[in-house]
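Undergrad: Sharing entry_22.csv below, CSV, C-alpha atoms and all ligand atoms:
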chain,number,residue,atom,x,y,z
A,291,MET,CA,159.1,70.0,157.4
A,292,LYS,CA,156.1,68.1,156.1
A,293,ALA,CA,153.4,70.0,154.1
A,294,ARG,CA,150.1,70.3,156.0
A,295,VAL,CA,146.8,68.7,155.1
A,296,PHE,CA,143.4,69.8,156.5
A,297,SER,CA,139.9,68.3,155.9
A,298,GLY,CA,136.7,67.8,157.8
A,299,MET,CA,133.2,66.3,157.9
A,300,GLN,CA,129.9,67.6,159.2
A,301,PRO,CA,128.3,65.6,162.1
A,302,THR,CA,125.0,66.0,160.4
A,303,GLY,CA,123.9,62.4,160.1
A,304,ASN,CA,125.3,58.9,159.7
A,305,LEU,CA,128.6,58.9,157.8
A,306,HIS,CA,128.2,56.7,154.7
A,307,ILE,CA,130.4,54.9,152.2
A,308,GLY,CA,130.5,58.1,150.1
A,309,ASN,CA,132.1,60.0,152.9
A,310,TYR,CA,134.5,57.1,153.5
A,311,LEU,CA,135.5,56.4,149.8
A,312,GLY,CA,135.5,60.1,148.8
A,313,ALA,CA,137.4,61.4,151.8
A,314,LEU,CA,138.1,59.5,155.0
A,315,ARG,CA,140.0,56.6,153.3
A,316,ASN,CA,142.2,59.1,151.5
A,317,TRP,CA,142.9,60.8,154.8
A,318,VAL,CA,144.2,57.6,156.3
A,319,LYS,CA,146.7,57.2,153.5
A,320,LEU,CA,147.9,60.8,153.5
A,321,GLN,CA,148.6,61.0,157.2
A,322,HIS,CA,152.0,59.2,156.8
A,323,ASP,CA,153.3,61.7,154.3
A,324,TYR,CA,151.8,65.0,155.6
A,325,GLU,CA,151.2,66.8,158.8
A,326,CYS,CA,147.4,66.2,159.0
A,327,ILE,CA,144.6,67.9,160.8
A,328,PHE,CA,141.2,66.2,160.5
A,329,CYS,CA,138.3,68.1,162.0
A,330,ILE,CA,134.7,67.5,162.9
A,331,VAL,CA,133.1,70.6,161.5
A,332,ASP,CA,130.2,71.2,163.9
A,333,LEU,CA,130.0,74.9,163.1
A,334,HIS,CA,129.1,73.9,159.6
A,335,ALA,CA,126.5,71.4,160.8
A,336,ILE,CA,124.5,74.2,162.5
A,337,THR,CA,123.9,76.1,159.2
A,338,VAL,CA,120.9,73.8,159.2
A,339,TYR,CA,119.0,73.2,162.4
A,340,GLN,CA,120.3,70.2,164.4
A,341,PRO,CA,118.6,68.9,167.6
A,342,PRO,CA,121.3,69.7,170.2
A,343,ALA,CA,121.5,66.4,172.0
A,344,GLU,CA,121.6,64.6,168.7
A,345,LEU,CA,124.4,66.9,167.4
A,346,ARG,CA,126.5,66.3,170.5
A,347,GLU,CA,126.2,62.5,170.1
A,348,LYS,CA,127.0,62.7,166.3
A,349,ILE,CA,130.2,64.7,167.1
A,350,ARG,CA,131.4,61.8,169.3
A,351,GLN,CA,130.3,59.3,166.7
A,352,VAL,CA,132.2,61.0,163.9
A,353,ALA,CA,135.3,61.2,166.1
A,354,GLY,CA,135.0,57.5,166.8
A,355,LEU,CA,134.6,56.7,163.1
A,356,TYR,CA,137.7,58.7,162.2
A,357,LEU,CA,139.7,56.7,164.6
A,358,ALA,CA,138.0,53.4,163.7
A,359,ALA,CA,138.8,54.0,160.0
A,360,GLY,CA,142.4,54.4,160.8
A,361,ILE,CA,143.2,58.0,161.7
A,362,ASP,CA,146.2,57.7,164.1
A,363,PRO,CA,146.0,60.3,166.8
A,364,LYS,CA,149.8,59.9,167.5
A,365,ILE,CA,150.6,61.4,164.2
A,366,THR,CA,147.5,63.3,163.3
A,367,ALA,CA,145.5,66.0,165.1
A,368,LEU,CA,141.8,65.2,165.5
A,369,THR,CA,139.8,68.3,166.4
A,370,VAL,CA,136.3,69.6,166.9
A,371,GLN,CA,135.9,72.9,165.0
A,372,SER,CA,134.0,74.8,167.7
A,373,SER,CA,136.7,74.0,170.2
A,374,VAL,CA,139.2,76.2,168.3
A,375,PRO,CA,137.5,79.6,168.3
A,376,GLN,CA,139.9,81.0,165.6
A,377,HIS,CA,137.9,79.1,162.9
A,378,ALA,CA,134.9,81.5,163.5
A,379,GLU,CA,137.2,84.5,164.0
A,380,LEU,CA,139.0,84.0,160.7
A,381,GLY,CA,135.6,83.2,159.1
A,382,TRP,CA,134.5,86.7,159.8
A,383,LEU,CA,137.7,88.3,158.7
A,384,LEU,CA,137.5,86.4,155.3
A,385,THR,CA,133.8,87.2,155.0
A,386,CYS,CA,134.8,90.9,154.7
A,387,VAL,CA,137.0,90.2,151.7
A,388,THR,CA,134.5,87.9,149.9
A,389,PRO,CA,132.2,89.3,147.2
A,390,LEU,CA,128.6,88.3,147.7
A,391,GLY,CA,128.3,87.2,144.1
A,392,TRP,CA,130.9,84.5,144.6
A,393,LEU,CA,128.8,83.0,147.4
A,394,GLU,CA,125.5,83.2,145.5
A,395,ARG,CA,127.0,81.2,142.7
A,396,MET,CA,127.7,78.1,144.8
A,397,THR,CA,125.7,75.2,143.6
A,398,GLN,CA,125.4,73.6,147.0
A,399,PHE,CA,124.0,76.8,148.5
A,400,LYS,CA,121.4,77.0,145.6
A,401,ALA,CA,120.4,73.3,146.1
A,402,LYS,CA,120.1,73.6,149.9
A,403,ALA,CA,118.3,76.9,149.7
A,404,GLU,CA,115.8,75.5,147.3
A,405,ALA,CA,115.0,72.6,149.7
A,406,ALA,CA,114.8,74.8,152.9
A,407,GLU,CA,111.8,76.7,154.1
A,408,THR,CA,113.9,79.5,155.5
A,409,ILE,CA,117.5,80.1,154.5
A,410,GLY,CA,119.8,81.1,157.4
A,411,ASP,CA,122.6,83.5,156.6
A,412,GLY,CA,125.0,80.7,157.7
A,413,LEU,CA,124.1,78.6,154.7
A,414,LEU,CA,125.4,81.4,152.4
A,415,GLN,CA,128.5,81.9,154.5
A,416,TYR,CA,129.3,78.2,154.7
A,417,PRO,CA,132.0,78.2,152.0
A,418,VAL,CA,133.8,81.2,153.7
A,419,LEU,CA,133.9,79.3,156.9
A,420,MET,CA,135.3,76.3,155.0
A,421,ALA,CA,137.9,78.6,153.5
A,422,ALA,CA,138.8,79.8,157.0
A,423,ASP,CA,139.1,76.1,158.2
A,424,VAL,CA,141.7,75.4,155.5
A,425,LEU,CA,143.6,78.8,155.5
A,426,LEU,CA,143.7,78.8,159.3
A,427,TYR,CA,146.4,76.2,159.2
A,428,ASN,CA,147.9,77.2,155.8
A,429,ALA,CA,147.1,73.7,154.6
A,430,ALA,CA,148.8,72.9,151.2
A,431,VAL,CA,146.5,70.0,150.4
A,432,VAL,CA,142.8,69.4,151.1
A,433,PRO,CA,141.5,65.8,150.4
A,434,VAL,CA,137.7,66.0,149.7
A,435,GLY,CA,135.1,64.3,147.5
A,436,ASP,CA,134.2,65.7,144.1
A,437,ASP,CA,131.2,67.7,145.5
A,438,GLN,CA,133.6,70.0,147.3
A,439,ARG,CA,135.5,71.0,144.2
A,440,GLN,CA,133.6,74.3,143.8
A,441,HIS,CA,134.1,75.2,147.5
A,442,MET,CA,137.8,74.5,147.2
A,443,GLU,CA,138.0,76.8,144.1
A,444,LEU,CA,136.4,79.5,146.2
A,445,THR,CA,138.9,78.9,149.0
A,446,ARG,CA,141.7,79.4,146.5
A,447,ASP,CA,140.0,82.6,145.2
A,448,ILE,CA,139.6,84.0,148.7
A,449,ALA,CA,143.2,83.2,149.6
A,450,GLU,CA,144.4,84.9,146.4
A,451,ARG,CA,142.2,87.9,147.0
A,452,PHE,CA,143.4,88.4,150.5
A,453,ASN,CA,147.1,88.0,149.4
A,454,SER,CA,146.7,90.6,146.7
A,455,LEU,CA,144.9,93.1,149.1
A,456,TYR,CA,147.1,92.6,152.2
A,457,GLY,CA,150.3,90.9,151.0
A,458,GLU,CA,151.3,87.2,150.8
A,459,THR,CA,149.7,85.6,153.9
A,460,PHE,CA,148.0,82.4,152.9
A,461,VAL,CA,149.2,79.3,151.1
A,462,VAL,CA,146.8,78.7,148.2
A,463,PRO,CA,145.8,75.1,148.7
A,464,GLN,CA,145.5,72.2,146.3
A,465,THR,CA,142.5,69.9,146.2
A,466,SER,CA,143.1,66.2,146.3
A,467,LEU,CA,140.4,63.9,144.9
A,468,PRO,CA,140.6,60.1,145.0
A,469,MET,CA,141.0,58.2,141.7
A,470,VAL,CA,138.0,56.0,142.4
A,471,GLY,CA,135.0,56.9,144.7
A,472,ALA,CA,135.2,60.6,144.4
A,473,ARG,CA,131.4,60.8,143.8
A,474,VAL,CA,129.4,57.8,145.2
A,475,MET,CA,125.8,58.1,144.1
A,476,GLY,CA,122.6,57.3,145.9
A,477,LEU,CA,121.6,53.6,145.6
A,478,ASP,CA,117.9,54.5,145.2
A,479,ASP,CA,118.6,57.3,142.7
A,480,PRO,CA,122.1,57.1,141.0
A,481,THR,CA,121.7,60.6,139.4
A,482,LYS,CA,122.1,62.1,142.9
A,483,LYS,CA,125.2,61.9,145.1
A,484,MET,CA,124.9,59.8,148.2
A,485,SER,CA,124.2,62.2,151.0
A,486,LYS,CA,123.7,62.0,154.8
A,487,SER,CA,120.7,64.3,154.8
A,488,THR,CA,118.8,62.7,152.0
A,489,ALA,CA,115.8,60.7,153.4
A,490,GLY,CA,115.0,57.2,152.4
A,491,SER,CA,116.0,53.8,153.7
A,492,GLY,CA,117.5,52.7,150.4
A,493,HIS,CA,119.6,55.8,149.7
A,494,ALA,CA,122.9,55.4,151.6
A,495,ILE,CA,125.0,52.7,153.2
A,496,GLY,CA,126.0,53.9,156.6
A,497,LEU,CA,129.4,53.0,158.0
A,498,LEU,CA,127.6,51.6,161.0
A,499,ASP,CA,124.8,49.8,159.1
A,500,LYS,CA,124.3,46.2,160.2
A,501,PRO,CA,125.5,43.7,157.5
A,502,GLU,CA,122.0,42.5,156.7
A,503,GLU,CA,120.8,46.1,156.4
A,504,ALA,CA,123.6,47.1,154.0
A,505,ARG,CA,123.2,43.9,152.0
A,506,LYS,CA,119.4,44.6,151.6
A,507,LYS,CA,120.0,48.1,150.4
A,508,ILE,CA,122.5,46.9,147.7
A,509,MET,CA,120.2,44.1,146.5
A,510,ARG,CA,117.5,46.7,146.0
A,511,ALA,CA,119.7,49.3,144.3
A,512,THR,CA,118.4,50.9,141.1
A,513,THR,CA,120.0,49.5,137.9
A,514,ASP,CA,118.7,49.7,134.3
A,515,SER,CA,116.9,47.6,131.8
A,516,ASN,CA,119.9,45.7,130.4
A,517,PRO,CA,120.0,42.0,131.5
A,518,ALA,CA,123.7,42.0,132.4
A,519,VAL,CA,126.8,44.2,132.8
A,520,ASP,CA,127.8,45.8,129.6
A,521,PHE,CA,130.5,48.4,130.1
A,522,GLU,CA,129.6,50.2,126.8
A,523,THR,CA,125.9,50.8,127.5
A,524,MET,CA,125.5,50.6,131.3
A,525,GLY,CA,123.4,53.2,133.1
A,526,PRO,CA,124.5,55.3,136.2
A,527,GLY,CA,123.1,52.7,138.7
A,528,VAL,CA,125.3,49.9,137.4
A,529,GLN,CA,128.2,52.2,137.0
A,530,ASN,CA,127.8,53.3,140.7
A,531,LEU,CA,127.7,49.7,141.9
A,532,LEU,CA,130.9,48.8,140.0
A,533,GLY,CA,132.6,52.0,141.2
A,534,ILE,CA,131.8,51.0,144.8
A,535,PHE,CA,133.1,47.5,144.3
A,536,GLN,CA,136.3,48.9,142.6
A,537,ALA,CA,136.9,51.4,145.4
A,538,PHE,CA,136.6,48.8,148.1
A,539,THR,CA,138.7,46.2,146.4
A,540,ASP,CA,141.3,48.4,144.6
A,541,TRP,CA,140.9,46.3,141.4
A,542,SER,CA,142.3,47.6,138.2
A,543,GLN,CA,140.0,48.6,135.3
A,544,ASP,CA,141.2,45.5,133.4
A,545,GLU,CA,140.3,43.2,136.2
A,546,MET,CA,136.9,44.9,136.5
A,547,HIS,CA,136.1,44.4,132.8
A,548,ARG,CA,137.3,40.7,132.7
A,549,HIS,CA,135.3,39.8,135.9
A,550,PHE,CA,132.1,41.6,135.4
A,551,THR,CA,131.4,41.8,131.7
A,552,GLY,CA,128.2,39.8,131.1
A,553,MET,CA,127.4,39.2,134.8
A,554,ARG,CA,123.7,39.3,135.7
A,555,TYR,CA,122.7,42.1,138.0
A,556,GLY,CA,121.7,39.8,140.8
A,557,ASP,CA,125.2,38.3,141.0
A,558,LEU,CA,126.8,41.7,140.6
A,559,LYS,CA,124.9,43.0,143.6
A,560,LYS,CA,125.8,40.0,145.7
A,561,GLN,CA,129.5,40.6,144.9
A,562,VAL,CA,129.3,44.3,145.7
A,563,ALA,CA,127.6,43.5,149.0
A,564,GLU,CA,130.4,41.1,149.9
A,565,ALA,CA,133.1,43.7,149.1
A,566,VAL,CA,131.3,46.4,151.1
A,567,LEU,CA,130.7,44.2,154.1
A,568,ALA,CA,134.4,43.1,154.1
A,569,GLY,CA,135.5,46.7,154.0
A,570,LEU,CA,133.1,47.8,156.8
A,571,ALA,CA,133.6,44.9,159.2
A,572,PRO,CA,137.0,46.0,160.7
A,573,ILE,CA,135.8,49.6,161.0
A,574,GLN,CA,132.7,48.5,162.9
A,575,GLN,CA,134.7,46.3,165.2
A,576,ARG,CA,137.2,49.0,166.1
A,577,TYR,CA,134.4,51.5,166.5
A,578,ALA,CA,132.5,49.3,169.0
A,579,GLU,CA,135.8,48.8,171.0
A,580,LEU,CA,136.5,52.6,171.0
A,581,MET,CA,133.1,53.6,172.2
A,582,GLN,CA,133.4,51.6,175.3
A,583,ASP,CA,135.9,54.2,176.6
A,584,PRO,CA,134.4,57.7,176.3
A,585,GLY,CA,137.3,59.1,178.3
A,586,TYR,CA,139.8,58.1,175.6
A,587,LEU,CA,137.9,59.8,172.9
A,588,GLU,CA,137.6,63.0,175.0
A,589,SER,CA,141.4,63.0,175.6
A,590,ILE,CA,142.1,62.7,171.9
A,591,LEU,CA,139.9,65.7,171.1
A,592,GLN,CA,141.5,67.7,173.9
A,593,GLU,CA,145.0,66.8,172.6
A,594,GLY,CA,144.0,67.7,169.1
A,595,ARG,CA,142.7,71.1,170.1
A,596,ASP,CA,145.8,71.9,172.1
A,597,ARG,CA,148.1,70.8,169.3
A,598,VAL,CA,146.5,73.0,166.6
A,599,THR,CA,145.7,76.1,168.7
A,600,PRO,CA,149.1,77.8,168.5
A,601,THR,CA,149.1,77.6,164.7
A,602,ALA,CA,145.6,78.9,164.5
A,603,ALA,CA,146.2,81.7,166.9
A,604,GLY,CA,149.4,82.7,165.0
A,605,ILE,CA,147.7,82.9,161.7
A,606,VAL,CA,144.8,85.0,163.1
A,607,LYS,CA,147.2,87.3,164.7
A,608,THR,CA,149.1,87.9,161.4
A,609,VAL,CA,145.8,88.4,159.5
A,610,LYS,CA,144.6,91.0,162.0
A,611,GLU,CA,147.8,92.8,161.8
A,612,ARG,CA,147.8,92.8,158.0
A,613,MET,CA,144.2,94.1,158.0
A,614,GLY,CA,145.2,97.0,160.3
A,615,LEU,CA,143.2,95.8,163.3
A,616,TYR,CA,144.4,97.2,166.6
A,617,THR,CA,146.6,94.9,168.7
A,618,ILE,CA,146.5,95.4,172.4
A,619,ALA,CA,149.4,93.8,174.3
A,620,PRO,CA,148.3,90.7,176.3
B,1,LIG,N1,128.6,60.8,147.8
B,1,LIG,C1,129.8,61.2,148.0
B,1,LIG,N2,130.8,60.6,147.3
B,1,LIG,C2,132.1,60.9,147.6
B,1,LIG,N3,132.5,61.8,148.6
B,1,LIG,C3,131.5,62.4,149.3
B,1,LIG,N4,131.5,63.2,150.3
B,1,LIG,C4,130.3,63.5,150.7
B,1,LIG,N5,129.4,62.8,150.0
B,1,LIG,C5,130.1,62.1,149.1
B,1,LIG,C6,132.8,63.8,150.9
B,1,LIG,O1,132.7,63.5,152.3
B,1,LIG,C7,133.3,64.6,153.0
B,1,LIG,C8,132.5,65.1,154.1
B,1,LIG,O2,131.3,65.7,153.6
B,1,LIG,P1,130.5,66.7,154.6
B,1,LIG,O3,130.1,66.0,155.8
B,1,LIG,O4,131.3,67.9,154.8
B,1,LIG,O5,129.2,67.1,153.8
B,1,LIG,P2,128.8,66.9,152.4
B,1,LIG,O6,129.8,66.9,151.4
B,1,LIG,O7,127.6,67.8,152.2
B,1,LIG,O8,128.3,65.4,152.6
B,1,LIG,P3,126.9,64.8,152.7
B,1,LIG,O9,127.0,63.4,153.1
B,1,LIG,O10,126.1,65.1,151.5
B,1,LIG,O11,126.3,65.6,153.9
B,1,LIG,P4,125.0,66.5,154.1
B,1,LIG,O12,123.9,65.7,153.7
B,1,LIG,O13,125.0,66.8,155.6
B,1,LIG,O14,125.2,67.8,153.3
B,1,LIG,C9,133.6,65.7,151.9
B,1,LIG,O15,135.0,65.6,151.6
B,1,LIG,C10,132.8,65.3,150.8
B,1,LIG,O16,133.4,65.7,149.5
Represent the structure of the file as structure tokens.

TA:
Amino acid sequence: MKARVFSGMQPTGNLHIGNYLGALRNWVKLQHDYECIFCIVDLHAITVYQPPAELREKIRQVAGLYLAAGIDPKITALTVQSSVPQHAELGWLLTCVTPLGWLERMTQFKAKAEAAETIGDGLLQYPVLMAADVLLYNAAVVPVGDDQRQHMELTRDIAERFNSLYGETFVVPQTSLPMVGARVMGLDDPTKKMSKSTAGSGHAIGLLDKPEEARKKIMRATTDSNPAVDFETMGPGVQNLLGIFQAFTDWSQDEMHRHFTGMRYGDLKKQVAEAVLAGLAPIQQRYAELMQDPGYLESILQEGRDRVTPTAAGIVKTVKERMGLYTIAP
């Protein structure tokens, strides 16, 4: 039997090349060697207010992008988190074994809480729900970008704590990070990770950006005061552009050094833009085709929900029994 993989993305904005290089592209590769479940985590999205009609549309868009990027629904379950109620149920059960201090230490919570006017309880609970997402399927491997490393450590801690309190129940999952592209930085500010919710027209390259729009953002990207590429002294902006190029082309470190050393930034940017556009073109084409048939997308999401529900229900039943909750015969 193949080991299981779980991961997800929030439908909180336009997916960008960071989401693609850090996670989605890795998912496409893993689906041939593992039993994969890839989820659109809409319950996570609502930890911050989302206009309802926009959220519904984004969920469809993310599903379309998963498929367009190469997720194969014949071998992989594609699901919407809120359509499998056991995510929320296990979330509560795990909340009860998670010390508050563990959650207050999460850097993403601290950053989002600082930026928000009011902090919903959901924002604090977010990593417990993420732990529930993964543990609900006893996933052995979770492919994510580097920003999720801390949440994954917490997931492991919660699994171990539950296992020690109530007996071996959960598989303690491994985190899988890509070799290149694990942390794509903002083009306008390369000290901050590229993020869906960061405002600014020059910050992120969306997977659905028009070629001219994407090119313009890359040409305007922040670099440094060096005249040309120097691998010894380059700043984070140049490093980010080279990282994006390398991730899209799969060039080795040697090839990167030979080709780019001494190249002027204008030329570097042109080449990065070509690599990004070549990578995005087939995704955008498949996406446009897929979105012409909304019934198809809907049927894939129904199938995914039906495929994973027995596993999710089985785990929640075991957890409830282990915790001593009362089971009434169906
Ligand atoms: N900049 C990034 N570089 C590499 N990987 C990234 N990921 C996100 N940003 C980068 C990875 O994408 C997956 C989905 O992320 P998410 O939707 O759950 O939310 P996030 O990590 O919080 O991503 P964003 O884009 O910054 O969203 P918002 O702005 O809504 O919070 C994860 O595997 C993540 O590691």

Undergrad: Quick one: contact table of range 314-349 of chain A to range 367-371 of chain A, 7 Å max, nearest atom pair and distance in Å to one decimal per residue, counting only C-alpha atoms, chain and number order, as a tab-separated table?

TA:
residue	atom	partner	partner_atom	distance
A:Cys326	CA	A:Ala367	CA	6.4
A:Ile327	CA	A:Ala367	CA	4.8
A:Phe328	CA	A:Leu368	CA	5.1
A:Cys329	CA	A:Thr369	CA	4.7
A:Ile330	CA	A:Val370	CA	4.8
A:Val331	CA	A:Gln371	CA	5.0
A:Asp332	CA	A:Gln371	CA	6.0
A:Leu333	CA	A:Gln371	CA	6.5

Undergrad: Okay, now the selection with C-alpha atoms, as a PDB file, in the coordinates of the input?

TA:
ATOM      1  CA  CYS A 326     147.400  66.200 159.000  1.00  0.00           C
ATOM      2  CA  ILE A 327     144.600  67.900 160.800  1.00  0.00           C
ATOM      3  CA  PHE A 328     141.200  66.200 160.500  1.00  0.00           C
ATOM      4  CA  CYS A 329     138.300  68.100 162.000  1.00  0.00           C
ATOM      5  CA  ILE A 330     134.700  67.500 162.900  1.00  0.00           C
ATOM      6  CA  VAL A 331     133.100  70.600 161.500  1.00  0.00           C
ATOM      7  CA  ASP A 332     130.200  71.200 163.900  1.00  0.00           C
ATOM      8  CA  LEU A 333     130.000  74.900 163.100  1.00  0.00           C
TER       9      LEU A 333
END

Undergrad: Restricting the calculation to all atoms listed in the file, which member of A:Leu320, A:Leu413, A:Met299, A:Ala358 is positioned closest to Ile336 in chain A?

TA: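 Of A:Leu320, A:Leu413, A:Met299, A:Ala358, the one nearest Ile336 in chain A is A:Leu413, counting all atoms listed in the file.
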
Undergrad: In Å to one decimal, how far is atom P4 of ligand LIG 1 (chain B) from CA of Leu419 in chain A?

TA: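 CA of Leu419 in chain A sits 15.8 Å away from atom P4 of ligand LIG 1 (chain B).
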
Undergrad: Return the single residue from A:Gly552, A:Ala494, A:Glu503, A:Tyr616 that is closest to Asp520 in chain A, with distances computed using all atoms listed in the file.

TA: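 Looking only at the distances to Asp520 in chain A, the closest residue turns out to be A:Gly552.
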
Undergrad: Point out the residue among A:Trp392, A:Phe460, A:Phe399, A:Tyr324 with the least atom-to-atom distance to ligand LIG 1 (chain B), counting all atoms listed in the file.

TA: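 For ligand LIG 1 (chain B), the nearest of the candidates is A:Phe399.
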
Undergrad: Which is closer to ligand LIG 1 (chain B) than all the others in A:Ala401, A:Leu393, A:Val566, A:Leu380, using only C-alpha atoms and all ligand atoms?

TA: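 Closest candidate: A:Ala401.
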
Undergrad: To check your reading of the model: which residues sit at most 9 Å from ligand LIG 1 (chain B) when counting all atoms listed in the file? Write the answer as a PyMOL selection string.

TA: chain A and resi 297-314+330-331+334-335+338+398+402+432-439+467-468+471-476+482-488+494

Undergrad: For the atom pair CA of Arg576 in chain A and CA of Glu344 in chain A, what is the interatomic distance in Å to one decimal place?

TA: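 These atoms are spaced 22.2 Å apart.
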
Undergrad: Which distance in Å separates CA of Gly585 in chain A and CA of Glu347 in chain A, to one decimal?

TA: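 These two atoms are separated by 14.2 Å.
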
Undergrad: Point out the residue among A:Asn428, A:Leu477, A:Ser491, A:His547 with the least atom-to-atom distance to Val462 in chain A, counting all atoms listed in the file.

TA: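 Nearest candidate to Val462 in chain A out of A:Asn428, A:Leu477, A:Ser491, A:His547: A:Asn428.
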
Undergrad: From the set A:Ala563, A:Ile618, A:Met396, A:Leu591, which residue has the shortest atom-to-atom contact distance to Glu443 in chain A, counting all atoms listed in the file?

TA: A:Met396
